[in-house]
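Peer 1: Here you go, start-v3.csv (CSV, C-alpha atoms):
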```csv
chain,number,residue,atom,x,y,z
A,409,MET,CA,120.5,29.5,69.2
A,410,ARG,CA,123.2,28.6,71.7
A,411,ILE,CA,126.3,27.6,69.7
A,412,ALA,CA,129.4,26.3,71.4
A,413,ILE,CA,132.6,26.4,69.4
A,414,VAL,CA,135.1,23.6,70.2
A,415,THR,CA,138.7,24.1,69.0
A,416,TRP,CA,142.2,23.6,70.2
A,417,THR,CA,143.3,27.2,71.0
A,418,ARG,CA,141.6,30.5,71.6
A,419,ARG,CA,144.5,32.4,69.9
A,420,LYS,CA,144.6,33.2,66.2
A,421,ALA,CA,147.3,30.7,65.5
A,422,GLY,CA,146.3,30.1,61.8
A,423,GLY,CA,143.6,30.0,59.3
A,424,VAL,CA,141.1,28.0,61.4
A,425,GLU,CA,141.2,30.6,64.2
A,426,THR,CA,141.0,33.5,61.8
A,427,TYR,CA,137.9,31.9,60.3
A,428,LEU,CA,136.4,31.5,63.8
A,429,ASP,CA,137.2,35.1,64.6
A,430,GLY,CA,135.0,36.4,61.8
A,431,LEU,CA,132.3,33.7,62.3
A,432,LEU,CA,131.9,34.4,66.0
A,433,THR,CA,131.4,38.1,65.3
A,434,ALA,CA,128.9,37.4,62.6
A,435,LEU,CA,126.9,35.0,64.8
A,436,GLY,CA,126.8,37.5,67.6
A,437,ARG,CA,125.5,40.2,65.2
A,438,ALA,CA,122.8,37.8,64.1
A,439,GLY,CA,121.6,37.5,67.7
A,440,HIS,CA,122.9,34.0,68.5
A,441,GLN,CA,124.7,33.2,71.8
A,442,THR,CA,128.1,31.7,71.5
A,443,ALA,CA,130.7,30.1,73.8
A,444,LEU,CA,134.3,28.9,73.2
A,445,PHE,CA,135.8,25.7,74.5
A,446,CYS,CA,139.5,25.2,73.9
A,447,GLU,CA,142.5,23.2,75.1
A,448,VAL,CA,145.2,26.0,75.3
A,449,ASP,CA,145.7,29.8,75.1
A,450,LEU,CA,148.7,29.7,72.8
A,451,PRO,CA,150.8,31.1,71.1
A,452,ALA,CA,150.9,33.9,73.7
A,453,ASP,CA,152.1,36.5,71.1
A,454,ARG,CA,149.0,36.1,68.9
A,455,PRO,CA,145.8,38.0,69.5
A,456,PRO,CA,142.8,36.0,70.9
A,457,VAL,CA,139.9,35.0,68.8
A,458,SER,CA,137.2,37.7,69.1
A,459,THR,CA,134.2,36.8,71.3
A,460,ASP,CA,131.2,38.8,72.6
A,461,ASP,CA,131.7,40.4,75.9
A,462,GLU,CA,129.1,38.1,77.4
A,463,ALA,CA,130.4,34.9,75.7
A,464,ALA,CA,131.7,32.2,77.9
A,465,VAL,CA,135.3,31.0,77.3
A,466,TRP,CA,136.5,27.7,78.9
A,467,CYS,CA,140.2,26.9,78.4
A,468,ILE,CA,141.5,23.6,79.8
A,469,SER,CA,145.0,24.9,80.3
A,470,ARG,CA,143.6,27.6,82.6
A,471,ILE,CA,140.8,26.0,84.5
A,472,GLY,CA,141.4,22.2,84.1
A,473,LEU,CA,139.7,19.6,82.1
A,474,ASP,CA,136.9,18.6,84.4
A,475,LYS,CA,135.8,22.1,85.1
A,476,ALA,CA,135.9,23.1,81.4
A,477,VAL,CA,133.8,20.1,80.4
A,478,ASP,CA,131.4,20.6,83.3
A,479,SER,CA,131.0,24.2,82.3
A,480,LEU,CA,130.3,23.3,78.7
A,481,LEU,CA,127.7,20.7,79.8
A,482,GLY,CA,126.1,23.2,82.2
A,483,TRP,CA,125.8,25.9,79.5
A,484,HIS,CA,123.3,23.6,77.6
A,485,PRO,CA,124.2,24.5,74.0
A,486,ASP,CA,121.8,23.7,71.2
A,487,VAL,CA,124.7,22.6,69.0
A,488,ILE,CA,128.4,21.9,69.2
A,489,TYR,CA,130.5,23.2,66.3
A,490,GLY,CA,133.8,21.3,66.4
A,491,HIS,CA,137.1,22.3,64.8
A,492,GLY,CA,139.4,19.7,66.2
A,493,LEU,CA,141.1,18.9,69.5
A,494,SER,CA,144.5,17.3,69.9
A,495,ASP,CA,143.1,14.7,72.4
A,496,PRO,CA,140.4,12.4,71.0
A,497,GLY,CA,139.3,11.5,74.5
A,498,VAL,CA,138.5,15.2,75.4
A,499,GLU,CA,136.7,15.6,72.0
A,500,ALA,CA,134.5,12.6,72.8
A,501,ARG,CA,133.5,14.2,76.2
A,502,THR,CA,132.4,17.4,74.5
A,503,LEU,CA,130.0,15.4,72.3
A,504,TYR,CA,127.8,14.7,75.3
A,505,ALA,CA,126.9,18.4,75.5
A,506,ALA,CA,124.7,18.6,72.4
A,507,PRO,CA,124.3,17.4,68.8
A,508,ALA,CA,127.5,18.2,67.1
A,509,VAL,CA,128.8,19.3,63.7
A,510,LEU,CA,132.5,19.0,62.7
A,511,PHE,CA,134.2,21.2,60.2
A,512,ALA,CA,136.9,19.0,58.7
A,513,HIS,CA,139.8,21.5,58.2
A,514,GLY,CA,142.2,18.7,57.7
A,515,TYR,CA,142.5,14.9,57.5
A,516,ARG,CA,141.2,14.1,61.0
A,517,GLY,CA,140.8,10.4,61.6
A,518,ILE,CA,141.7,9.4,58.0
A,519,CYS,CA,145.5,9.7,58.0
A,520,ILE,CA,148.2,8.6,60.4
A,521,SER,CA,150.2,11.9,60.1
A,522,GLY,CA,147.3,14.1,59.2
A,523,GLU,CA,149.2,15.4,56.1
A,524,LYS,CA,147.9,12.8,53.6
A,525,SER,CA,151.2,12.8,51.8
A,526,PHE,CA,154.2,10.6,51.2
A,527,LYS,CA,157.5,12.2,52.1
A,528,TYR,CA,159.9,9.9,50.4
A,529,PRO,CA,161.5,9.7,47.8
A,530,GLU,CA,159.7,13.0,47.3
A,531,VAL,CA,156.7,14.8,48.8
A,532,ARG,CA,153.5,13.9,46.9
A,533,PRO,CA,149.8,13.5,47.7
A,534,CYS,CA,148.6,10.2,49.1
A,535,GLY,CA,145.1,8.9,47.9
A,536,ARG,CA,144.9,5.8,50.2
A,537,ARG,CA,142.0,5.1,52.5
A,538,PHE,CA,143.1,5.0,56.1
A,539,GLY,CA,143.4,1.6,57.6
A,540,TRP,CA,146.0,-0.9,58.9
A,541,GLN,CA,147.5,-1.1,55.4
A,542,CYS,CA,148.8,2.4,56.0
A,543,LEU,CA,151.3,0.9,58.5
A,544,MET,CA,152.9,-0.8,55.4
A,545,HIS,CA,153.7,2.6,53.9
A,546,PHE,CA,154.8,4.5,57.1
A,547,TYR,CA,158.5,3.6,56.8
A,548,PRO,CA,159.0,3.2,53.0
A,549,HIS,CA,157.3,6.6,52.3
A,550,ARG,CA,158.4,8.3,55.6
A,551,CYS,CA,154.8,9.3,56.3
A,552,GLY,CA,155.4,10.4,59.8
A,553,GLY,CA,159.0,9.7,60.7
A,554,LEU,CA,161.0,6.6,61.5
A,555,ASN,CA,160.1,5.9,65.1
A,556,PRO,CA,158.0,2.7,65.5
A,557,ALA,CA,156.5,3.9,68.8
A,558,THR,CA,155.4,7.1,67.1
A,559,MET,CA,153.8,5.1,64.2
A,560,TRP,CA,151.8,2.9,66.5
A,561,ARG,CA,150.8,5.8,68.8
A,562,ASP,CA,149.6,8.0,65.9
A,563,PHE,CA,147.8,5.1,64.2
A,564,ASN,CA,145.9,4.3,67.4
A,565,ARG,CA,145.0,7.9,68.0
A,566,GLU,CA,143.7,8.4,64.5
A,567,SER,CA,141.8,5.1,64.7
A,568,ARG,CA,140.1,6.4,67.8
A,569,ARG,CA,139.4,9.7,66.2
A,570,LEU,CA,137.8,8.0,63.2
A,571,ALA,CA,135.4,6.1,65.5
A,572,ILE,CA,134.5,9.4,67.3
A,573,LEU,CA,133.7,11.1,64.0
A,574,HIS,CA,130.7,8.8,63.5
A,575,SER,CA,129.2,10.5,66.6
A,576,TYR,CA,128.9,13.8,64.8
A,577,ARG,CA,125.5,14.5,63.2
A,578,ALA,CA,127.2,16.1,60.2
A,579,ILE,CA,130.7,16.8,58.8
A,580,VAL,CA,131.2,20.0,57.0
A,581,THR,CA,134.0,20.4,54.4
A,582,GLY,CA,135.2,23.5,52.5
A,583,SER,CA,136.0,21.7,49.3
A,584,SER,CA,134.6,18.9,47.1
A,585,HIS,CA,138.0,17.2,47.5
A,586,MET,CA,137.5,16.9,51.3
A,587,ARG,CA,133.9,15.8,50.9
A,588,GLU,CA,135.0,13.0,48.6
A,589,GLU,CA,137.7,12.0,51.1
A,590,TYR,CA,135.2,11.5,53.9
A,591,ILE,CA,132.7,9.7,51.7
A,592,LYS,CA,135.5,7.4,50.6
A,593,HIS,CA,136.0,6.6,54.3
A,594,ARG,CA,132.4,5.3,54.4
A,595,PHE,CA,130.6,8.4,55.7
A,596,SER,CA,127.1,8.9,54.4
A,597,PRO,CA,127.0,11.4,51.4
A,598,GLN,CA,124.0,13.0,53.1
A,599,GLY,CA,126.0,13.5,56.3
A,600,VAL,CA,129.0,15.2,54.6
A,601,ARG,CA,128.1,18.7,53.6
A,602,LEU,CA,130.1,21.1,51.4
A,603,ILE,CA,129.8,24.7,52.6
A,604,ARG,CA,132.1,27.3,51.1
A,605,LEU,CA,134.4,29.0,53.5
A,606,PRO,CA,133.9,32.7,53.8
A,607,VAL,CA,136.1,35.6,52.7
A,608,GLU,CA,135.0,38.8,54.4
A,609,ASN,CA,134.5,41.7,52.0
A,610,ALA,CA,135.2,39.2,49.2
A,611,GLY,CA,135.7,40.9,45.8
A,612,SER,CA,135.6,44.3,47.4
A,613,ALA,CA,138.4,46.7,46.6
A,614,ALA,CA,137.6,48.5,49.9
A,615,ALA,CA,139.0,45.4,51.7
A,616,CYS,CA,142.4,46.7,50.6
A,617,GLY,CA,141.8,50.3,51.6
A,618,ILE,CA,142.7,51.5,48.1
A,619,ASN,CA,141.1,52.6,44.8
A,620,ALA,CA,140.5,49.6,42.6
A,621,SER,CA,141.0,51.4,39.3
A,622,VAL,CA,144.3,53.0,40.5
A,623,GLU,CA,145.6,49.7,41.7
A,624,ALA,CA,144.7,47.9,38.5
A,625,ASN,CA,146.5,50.4,36.5
A,626,THR,CA,149.6,50.4,38.8
A,627,ASN,CA,150.0,46.7,38.7
A,628,ARG,CA,149.3,46.5,35.0
A,629,GLY,CA,152.2,48.9,34.5
A,630,ARG,CA,154.5,46.9,36.7
A,631,VAL,CA,153.7,43.6,34.9
A,632,ALA,CA,154.5,45.4,31.6
A,633,GLY,CA,157.9,46.5,32.9
A,634,GLY,CA,159.9,46.6,36.1
A,635,THR,CA,160.2,44.4,39.2
A,636,LEU,CA,157.5,41.8,39.7
A,637,ARG,CA,156.3,40.9,43.2
A,638,LEU,CA,155.3,37.4,44.2
A,639,ALA,CA,153.8,36.5,47.6
A,640,PHE,CA,153.8,33.3,49.6
A,641,VAL,CA,151.5,33.2,52.6
A,642,GLY,CA,151.2,30.2,54.9
A,643,ARG,CA,152.8,28.0,57.6
A,644,MET,CA,156.5,27.5,57.0
A,645,GLU,CA,156.4,23.7,57.0
A,646,PRO,CA,157.9,21.2,54.5
A,647,VAL,CA,154.5,20.3,53.0
A,648,LYS,CA,153.8,23.9,52.3
A,649,GLY,CA,156.4,23.9,49.5
A,650,GLY,CA,158.4,27.1,50.2
A,651,GLY,CA,161.6,25.3,49.3
A,652,LYS,CA,160.0,24.2,46.0
A,653,LEU,CA,159.1,27.8,45.3
A,654,LEU,CA,162.7,28.9,45.9
A,655,ASP,CA,163.9,26.2,43.5
A,656,ALA,CA,161.6,27.5,40.9
A,657,LEU,CA,162.7,31.2,41.0
A,658,PRO,CA,165.9,30.9,38.9
A,659,LEU,CA,163.7,29.3,36.1
A,660,VAL,CA,161.2,32.2,36.4
A,661,LEU,CA,164.0,34.8,36.2
A,662,ASP,CA,165.4,33.1,33.1
A,663,GLU,CA,162.0,32.9,31.4
A,664,LEU,CA,160.7,36.4,32.2
A,665,GLY,CA,164.0,38.2,32.1
A,666,ARG,CA,162.7,40.6,34.8
A,667,PRO,CA,163.7,41.4,38.4
A,668,LEU,CA,161.7,39.5,41.0
A,669,GLN,CA,160.8,40.5,44.6
A,670,VAL,CA,159.4,37.5,46.6
A,671,ILE,CA,157.8,38.1,50.0
A,672,PHE,CA,157.3,35.2,52.4
A,673,VAL,CA,154.6,35.7,55.1
A,674,GLY,CA,154.2,33.2,58.0
A,675,GLU,CA,156.1,31.3,60.6
A,676,GLY,CA,157.1,27.7,61.1
A,677,ARG,CA,159.9,25.2,61.5
A,678,GLU,CA,161.2,25.7,58.0
A,679,ARG,CA,161.7,29.4,58.1
A,680,SER,CA,165.4,29.4,59.0
A,681,ARG,CA,166.1,26.8,56.3
A,682,TRP,CA,164.3,28.8,53.7
A,683,GLU,CA,166.0,32.0,54.8
A,684,ARG,CA,169.4,30.3,54.4
A,685,GLN,CA,168.4,29.1,50.9
A,686,ALA,CA,167.2,32.6,50.0
A,687,VAL,CA,170.5,34.2,51.1
A,688,ARG,CA,172.5,31.7,48.9
A,689,MET,CA,170.2,32.4,45.9
A,690,GLN,CA,170.4,36.1,46.2
A,691,SER,CA,174.2,36.1,46.3
A,692,CYS,CA,174.3,34.7,42.8
A,693,GLN,CA,171.0,36.2,41.4
A,694,PRO,CA,171.4,40.0,41.5
A,695,ARG,CA,167.9,40.4,40.0
A,696,LEU,CA,166.3,38.5,42.9
A,697,GLU,CA,165.2,40.0,46.3
A,698,ILE,CA,163.6,37.8,48.9
A,699,GLN,CA,162.0,39.1,52.1
A,700,PHE,CA,160.6,37.2,55.1
A,701,LYS,CA,157.9,39.2,57.0
A,702,GLY,CA,156.8,36.8,59.7
A,703,TRP,CA,153.2,36.3,60.7
A,704,LEU,CA,150.9,39.2,59.8
A,705,GLU,CA,147.3,40.0,60.8
A,706,MET,CA,144.9,40.3,57.9
A,707,GLU,CA,144.8,44.1,58.3
A,708,GLN,CA,148.6,44.1,57.6
A,709,LEU,CA,148.4,41.4,55.0
A,710,ARG,CA,145.7,42.9,52.7
A,711,PRO,CA,147.8,45.9,51.6
A,712,LEU,CA,150.7,43.6,50.8
A,713,LEU,CA,148.5,41.3,48.7
A,714,CYS,CA,146.9,44.3,46.9
A,715,ASP,CA,150.4,45.5,46.0
A,716,SER,CA,151.6,42.2,44.7
A,717,ASP,CA,151.4,40.7,41.2
A,718,LEU,CA,150.9,37.0,42.0
A,719,LEU,CA,150.1,34.7,44.9
A,720,VAL,CA,152.1,31.5,44.8
A,721,VAL,CA,150.6,28.5,46.7
A,722,PRO,CA,153.3,25.8,46.3
A,723,SER,CA,151.7,23.3,48.7
A,724,LEU,CA,152.9,19.7,48.1
A,725,TRP,CA,150.3,18.0,50.3
A,726,PRO,CA,146.7,17.8,49.2
A,727,GLU,CA,145.6,21.2,50.6
A,728,PRO,CA,142.1,20.8,52.2
A,729,PHE,CA,141.1,24.1,50.6
A,730,GLY,CA,143.7,26.9,50.7
A,731,LEU,CA,141.7,29.9,52.0
A,732,ILE,CA,144.5,32.3,51.2
A,733,GLY,CA,143.6,31.9,47.5
A,734,PRO,CA,140.1,33.5,47.7
A,735,GLN,CA,141.4,36.0,50.3
A,736,ALA,CA,144.0,37.2,47.8
A,737,GLY,CA,141.4,37.1,45.1
A,738,SER,CA,139.4,39.6,47.0
A,739,CYS,CA,142.3,42.0,46.3
A,740,GLY,CA,142.3,41.1,42.6
A,741,LEU,CA,145.4,38.9,43.0
A,742,PRO,CA,145.7,35.8,40.8
A,743,ALA,CA,147.5,32.7,41.9
A,744,ALA,CA,149.8,29.9,40.7
A,745,ALA,CA,149.6,26.7,42.6
A,746,PHE,CA,150.1,22.9,42.4
A,747,ASP,CA,146.9,21.1,41.4
A,748,VAL,CA,146.5,19.2,44.8
A,749,GLY,CA,143.6,18.6,47.1
A,750,GLY,CA,141.0,21.4,47.3
A,751,ILE,CA,143.0,24.0,45.3
A,752,GLY,CA,140.9,23.3,42.3
A,753,ASP,CA,137.8,24.5,44.2
A,754,TRP,CA,138.9,28.1,43.9
A,755,LEU,CA,141.7,28.1,41.2
A,756,THR,CA,140.6,27.6,37.6
A,757,ALA,CA,143.4,27.6,35.1
A,758,GLY,CA,143.2,30.5,32.7
A,759,VAL,CA,140.5,32.2,34.8
A,760,ASN,CA,142.1,33.4,38.0
A,761,GLY,CA,145.6,31.9,37.6
A,762,HIS,CA,147.3,28.7,36.5
A,763,LEU,CA,147.9,25.3,37.9
A,764,ALA,CA,151.0,23.1,37.9
A,765,PRO,CA,150.9,19.3,38.0
A,766,GLY,CA,150.8,18.1,41.6
A,767,ASP,CA,151.6,14.4,41.5
A,768,PRO,CA,154.5,14.7,41.6
A,769,PRO,CA,155.0,18.4,42.1
A,770,SER,CA,158.2,19.9,40.5
A,771,ALA,CA,160.0,23.2,40.5
A,772,GLU,CA,159.8,23.2,36.7
A,773,GLY,CA,156.1,22.8,36.7
A,774,LEU,CA,155.6,25.5,39.2
A,775,ALA,CA,157.9,27.9,37.3
A,776,ARG,CA,155.8,27.3,34.1
A,777,ALA,CA,152.6,28.2,36.0
A,778,ILE,CA,154.1,31.3,37.4
A,779,THR,CA,155.4,32.5,34.1
A,780,ARG,CA,152.1,31.8,32.3
A,781,CYS,CA,150.4,34.2,34.8
A,782,LEU,CA,152.9,37.0,34.4
A,783,LYS,CA,154.3,36.8,30.9
A,784,ASP,CA,151.6,38.8,29.1
A,785,PRO,CA,150.3,42.0,30.7
A,786,ALA,CA,146.9,41.8,29.1
A,787,ASP,CA,146.4,38.2,30.2
A,788,HIS,CA,147.6,39.1,33.7
A,789,GLN,CA,145.0,41.8,33.9
A,790,ARG,CA,142.3,39.4,32.8
A,791,LEU,CA,143.4,36.9,35.5
A,792,ARG,CA,143.2,39.7,38.1
A,793,LYS,CA,139.6,40.4,37.1
A,794,GLY,CA,138.8,36.7,37.3
A,795,ALA,CA,140.3,36.4,40.8
A,796,SER,CA,138.2,39.3,42.0
A,797,ASN,CA,135.0,37.8,40.4
A,798,LEU,CA,135.6,34.3,41.8
A,799,ALA,CA,136.3,35.6,45.3
A,800,ARG,CA,132.7,37.0,45.5
A,801,ARG,CA,131.4,33.4,45.7
A,802,PHE,CA,132.9,33.1,49.2
A,803,SER,CA,130.7,35.5,51.1
A,804,LEU,CA,130.4,35.4,54.9
A,805,ALA,CA,126.7,36.0,54.8
A,806,ALA,CA,126.1,33.0,52.6
A,807,HIS,CA,128.3,30.8,54.8
A,808,VAL,CA,126.5,31.8,58.0
A,809,THR,CA,123.1,31.2,56.3
A,810,ASP,CA,124.1,27.7,55.2
A,811,LEU,CA,125.7,26.9,58.5
A,812,LEU,CA,122.7,28.0,60.6
A,813,GLY,CA,120.4,25.9,58.4
A,814,LEU,CA,122.5,22.9,59.1
A,815,PHE,CA,122.6,23.7,62.9
A,816,ALA,CA,118.8,23.9,62.9
A,817,GLU,CA,118.6,20.6,61.1
A,818,VAL,CA,120.9,18.6,63.4
A,819,SER,CA,119.5,20.1,66.6
A,820,ARG,CA,116.0,19.1,65.9
A,821,PRO,CA,114.8,16.3,68.3
```
Now that the file is in, can you turn its structure into structure tokens?
Peer 2:
Amino acid sequence: MRIAIVTWTRRKAGGVETYLDGLLTALGRAGHQTALFCEVDLPADRPPVSTDDEAAVWCISRIGLDKAVDSLLGWHPDVIYGHGLSDPGVEARTLYAAPAVLFAHGYRGICISGEKSFKYPEVRPCGRRFGWQCLMHFYPHRCGGLNPATMWRDFNRESRRLAILHSYRAIVTGSSHMREEYIKHRFSPQGVRLIRLPVENAGSAAACGINASVEANTNRGRVAGGTLRLAFVGRMEPVKGGGKLLDALPLVLDELGRPLQVIFVGEGRERSRWERQAVRMQSCQPRLEIQFKGWLEMEQLRPLLCDSDLLVVPSLWPEPFGLIGPQAGSCGLPAAAFDVGGIGDWLTAGVNGHLAPGDPPSAEGLARAITRCLKDPADHQRLRKGASNLARRFSLAAHVTDLLGLFAEVSRP
């Protein structure tokens, strides 16, 4: 099968591109021909998404829009597998090439800002259906800023995008939450498919490059006494909740009575603000150490996750899925998170971590979820085992099988 991947960048800028990196490799090994169509080749300091040596790559910023689209059409793909373009007009042109399937990684065409959350008086999830009524909430809830030109531009762009979405033969989601969102927006239940996202080497201790029994004993001893290590992994943006995690740390320190080391992994607009907040906190909390590692490749991230005691996912917006959860689970790392969006598809309270109320999210609620995960060493060890077991559900092989079945279905005449 000839499969053309359509996405905004050919660089591993985030979770979408990391997913495509593994998927393209798996499709090539299975004997399928792949090509990559993208808008930009940025950020320049990130590695490119892996492709076969013979795979075609068409990047608009390098060869121009018309040549890139003509090349895609001339390649005659059997199916287009879309992951989002910034320009709806360009996206519409790609759909002429072949029957298309969209993976809805976010709230494309069903939210003005794409973040599906109110920002004022506090960040909290929004459950509204997209429409002109959203304009009534844009200013009172600061959904996307205060500029009326921006509001109107973004509303029109997402309205166009919503119309384009009906040209896809199917929409794939990674969580039941996202599937329900698109069905709520009047897409056919038969046309919105839930396919679990993959975690390569899910549940395998070898993914961490360490001996599982040794690691389990090491972390169990640390939870019983000594410094506890928490990990945050994600974009450093307001809706990702890093500030809320920082607010929760003094409460965790008071409850556990133990030193904490907190490691932030990622980049984004909020990094400098969170770093300043961390410096202030450490100056008056001698038992608290906070480090910022920047963006890490998965090969660098796995050892860090495997040597941590808890993943914290403090997302304030309705996270479409939160792939970092099962990825951490493959290292036997439980999680504490707000109960928003698709988080509940991989985090079950008392099984592989604990949930905090997400509407509204609070530092106090998050602190309680964190301490419940770490207070009792025997319970923490049980959560570690549950995290590893749950991660096994998210296998790459099963994902590819389900995806190829859908591709074959939509490409039939």
Peer 1: Write out as a list in words which residues come within 7 Å of Phe746 (chain A) when counting only C-alpha atoms, dropping same-chain ones fewer than 2 positions away.
Peer 2: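 So, after excluding close chain neighbours, the residues are Pro722, Ser723, Val748, Leu763, Ala764, Pro765, Gly766, Pro769 and Leu774 of chain A.
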Peer 1: For Tyr590 (chain A), find every residue with an atom within 12 Å (counting all atoms listed in the file), except residues of its own chain fewer than 3 positions away, and show them as a PDB file with C-alpha atoms, keeping the file's coordinate frame.
Peer 2:
```
ATOM      1  CA  LEU A 510     132.500  19.000  62.700  1.00  0.00           C
ATOM      2  CA  PHE A 511     134.200  21.200  60.200  1.00  0.00           C
ATOM      3  CA  ALA A 512     136.900  19.000  58.700  1.00  0.00           C
ATOM      4  CA  HIS A 513     139.800  21.500  58.200  1.00  0.00           C
ATOM      5  CA  GLY A 514     142.200  18.700  57.700  1.00  0.00           C
ATOM      6  CA  TYR A 515     142.500  14.900  57.500  1.00  0.00           C
ATOM      7  CA  ARG A 516     141.200  14.100  61.000  1.00  0.00           C
ATOM      8  CA  GLY A 517     140.800  10.400  61.600  1.00  0.00           C
ATOM      9  CA  ILE A 518     141.700   9.400  58.000  1.00  0.00           C
ATOM     10  CA  CYS A 519     145.500   9.700  58.000  1.00  0.00           C
ATOM     11  CA  GLY A 535     145.100   8.900  47.900  1.00  0.00           C
ATOM     12  CA  ARG A 536     144.900   5.800  50.200  1.00  0.00           C
ATOM     13  CA  ARG A 537     142.000   5.100  52.500  1.00  0.00           C
ATOM     14  CA  PHE A 538     143.100   5.000  56.100  1.00  0.00           C
ATOM     15  CA  LEU A 570     137.800   8.000  63.200  1.00  0.00           C
ATOM     16  CA  LEU A 573     133.700  11.100  64.000  1.00  0.00           C
ATOM     17  CA  HIS A 574     130.700   8.800  63.500  1.00  0.00           C
ATOM     18  CA  ALA A 578     127.200  16.100  60.200  1.00  0.00           C
ATOM     19  CA  ILE A 579     130.700  16.800  58.800  1.00  0.00           C
ATOM     20  CA  VAL A 580     131.200  20.000  57.000  1.00  0.00           C
ATOM     21  CA  THR A 581     134.000  20.400  54.400  1.00  0.00           C
ATOM     22  CA  SER A 583     136.000  21.700  49.300  1.00  0.00           C
ATOM     23  CA  SER A 584     134.600  18.900  47.100  1.00  0.00           C
ATOM     24  CA  HIS A 585     138.000  17.200  47.500  1.00  0.00           C
ATOM     25  CA  MET A 586     137.500  16.900  51.300  1.00  0.00           C
ATOM     26  CA  ARG A 587     133.900  15.800  50.900  1.00  0.00           C
ATOM     27  CA  HIS A 593     136.000   6.600  54.300  1.00  0.00           C
ATOM     28  CA  ARG A 594     132.400   5.300  54.400  1.00  0.00           C
ATOM     29  CA  PHE A 595     130.600   8.400  55.700  1.00  0.00           C
ATOM     30  CA  SER A 596     127.100   8.900  54.400  1.00  0.00           C
ATOM     31  CA  PRO A 597     127.000  11.400  51.400  1.00  0.00           C
ATOM     32  CA  GLN A 598     124.000  13.000  53.100  1.00  0.00           C
ATOM     33  CA  GLY A 599     126.000  13.500  56.300  1.00  0.00           C
ATOM     34  CA  VAL A 600     129.000  15.200  54.600  1.00  0.00           C
ATOM     35  CA  ARG A 601     128.100  18.700  53.600  1.00  0.00           C
ATOM     36  CA  LEU A 602     130.100  21.100  51.400  1.00  0.00           C
ATOM     37  CA  PRO A 728     142.100  20.800  52.200  1.00  0.00           C
TER      38      PRO A 728
END
```
Peer 1: For Glu425 (chain A), work out the shell of residues within 12 Å, counting all atoms listed in the file and skipping chain neighbours fewer than 6 positions away, then give it as an MDAnalysis selection string.
Peer 2: chainID A and resid 413:419 431:432 444 446 449:451 454:459 491:492 513 705
Peer 1: If we count only C-alpha atoms and set the cut-off at 7 Å, which residues sit around Val487 (chain A), ignoring sequence neighbours fewer than 4 positions away in its own chain? Please answer as an NGL selection string.
Peer 2: :A and (410-412 or 506-508 or 815 or 819)
Peer 1: How many Å lie between CA of Asn760 (chain A) and CA of Gln690 (chain A), rounded to one decimal?
Peer 2: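 Separation of CA of Asn760 (chain A) and CA of Gln690 (chain A): 29.6 Å.
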Peer 1: Choose the residue, out of A:Glu772, A:Asp474, A:Asp753, A:Asp810, that has the smallest atom-to-atom separation from Leu659 (chain A); count only C-alpha atoms.
Peer 2: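 Of A:Glu772, A:Asp474, A:Asp753, A:Asp810, the one nearest Leu659 (chain A) is A:Glu772, counting only C-alpha atoms.
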Peer 1: I'd like to know which of A:Val465, A:Met409, A:Cys542, A:Ala805 is closest to His484 (chain A), using all atoms listed in the file.
Peer 2: A:Met409
Peer 1: By how many Å are CA of Leu791 (chain A) and CA of Ala736 (chain A) apart?
Peer 2: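 Pair CA of Leu791 (chain A) / CA of Ala736 (chain A) returns 12.3 Å.
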Peer 1: Enter the distance from CA of Arg688 (chain A) to CA of Cys714 (chain A), in Å, rounded to one decimal.
Peer 2: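 Interatomic distance, CA of Arg688 (chain A) to CA of Cys714 (chain A): 28.6 Å.
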Peer 1: Give the answer as one residue: which of A:Val759, A:Val670, A:Val531, A:Ile698 has the shortest atom-to-atom distance to Arg780 (chain A), using all atoms listed in the file?
Peer 2: A:Val759
Peer 1: From (161.8, 13.7, 49.2), in the file's coordinates, out to 12 Å: which residues are reached, counting all atoms listed in the file? Answer as a list of chain:residue names.
Peer 2: A:Ser525, A:Phe526, A:Lys527, A:Tyr528, A:Pro529, A:Glu530, A:Val531, A:Arg532, A:Pro548, A:His549, A:Arg550, A:Cys551, A:Pro646, A:Val647, A:Gly649, A:Gly651, A:Lys652, A:Leu724, A:Pro768, A:Pro769, A:Ser770
Peer 1: When you count all atoms listed in the file, which of these residues is closest to Leu719 (chain A): A:Phe563, A:Phe640, A:Tyr576, A:Tyr547?
Peer 2: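 Checking each candidate against Leu719 (chain A), we get A:Phe640 as the closest.
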Peer 1: Of the candidates A:Leu782, A:Leu653, A:Leu481, A:Ile488, which one gets nearest to Gly633 (chain A) if we count only C-alpha atoms?
Peer 2: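 For Gly633 (chain A), the nearest of the candidates is A:Leu782.
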Peer 1: Go through A:Leu543, A:Ile671, A:Ala452, A:Val477 one by one, measure the shortest atom-to-atom distance of each to Ala500 (chain A) using only C-alpha atoms, and give the residue with the smallest value.
Peer 2: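 Nearest candidate to Ala500 (chain A) out of A:Leu543, A:Ile671, A:Ala452, A:Val477: A:Val477.
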Peer 1: Which residues, written as a list in words, have at least one atom at most 9 Å from Glu697 (chain A), with only C-alpha atoms counted and residues fewer than 2 positions away on the same chain left out?
Peer 2: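 Close residues of Glu697 (chain A): Pro667, Leu668, Gln669, Val670, Ile671, Ala686, Gln690, Gln693, Pro694, Arg695 and Gln699 of chain A.
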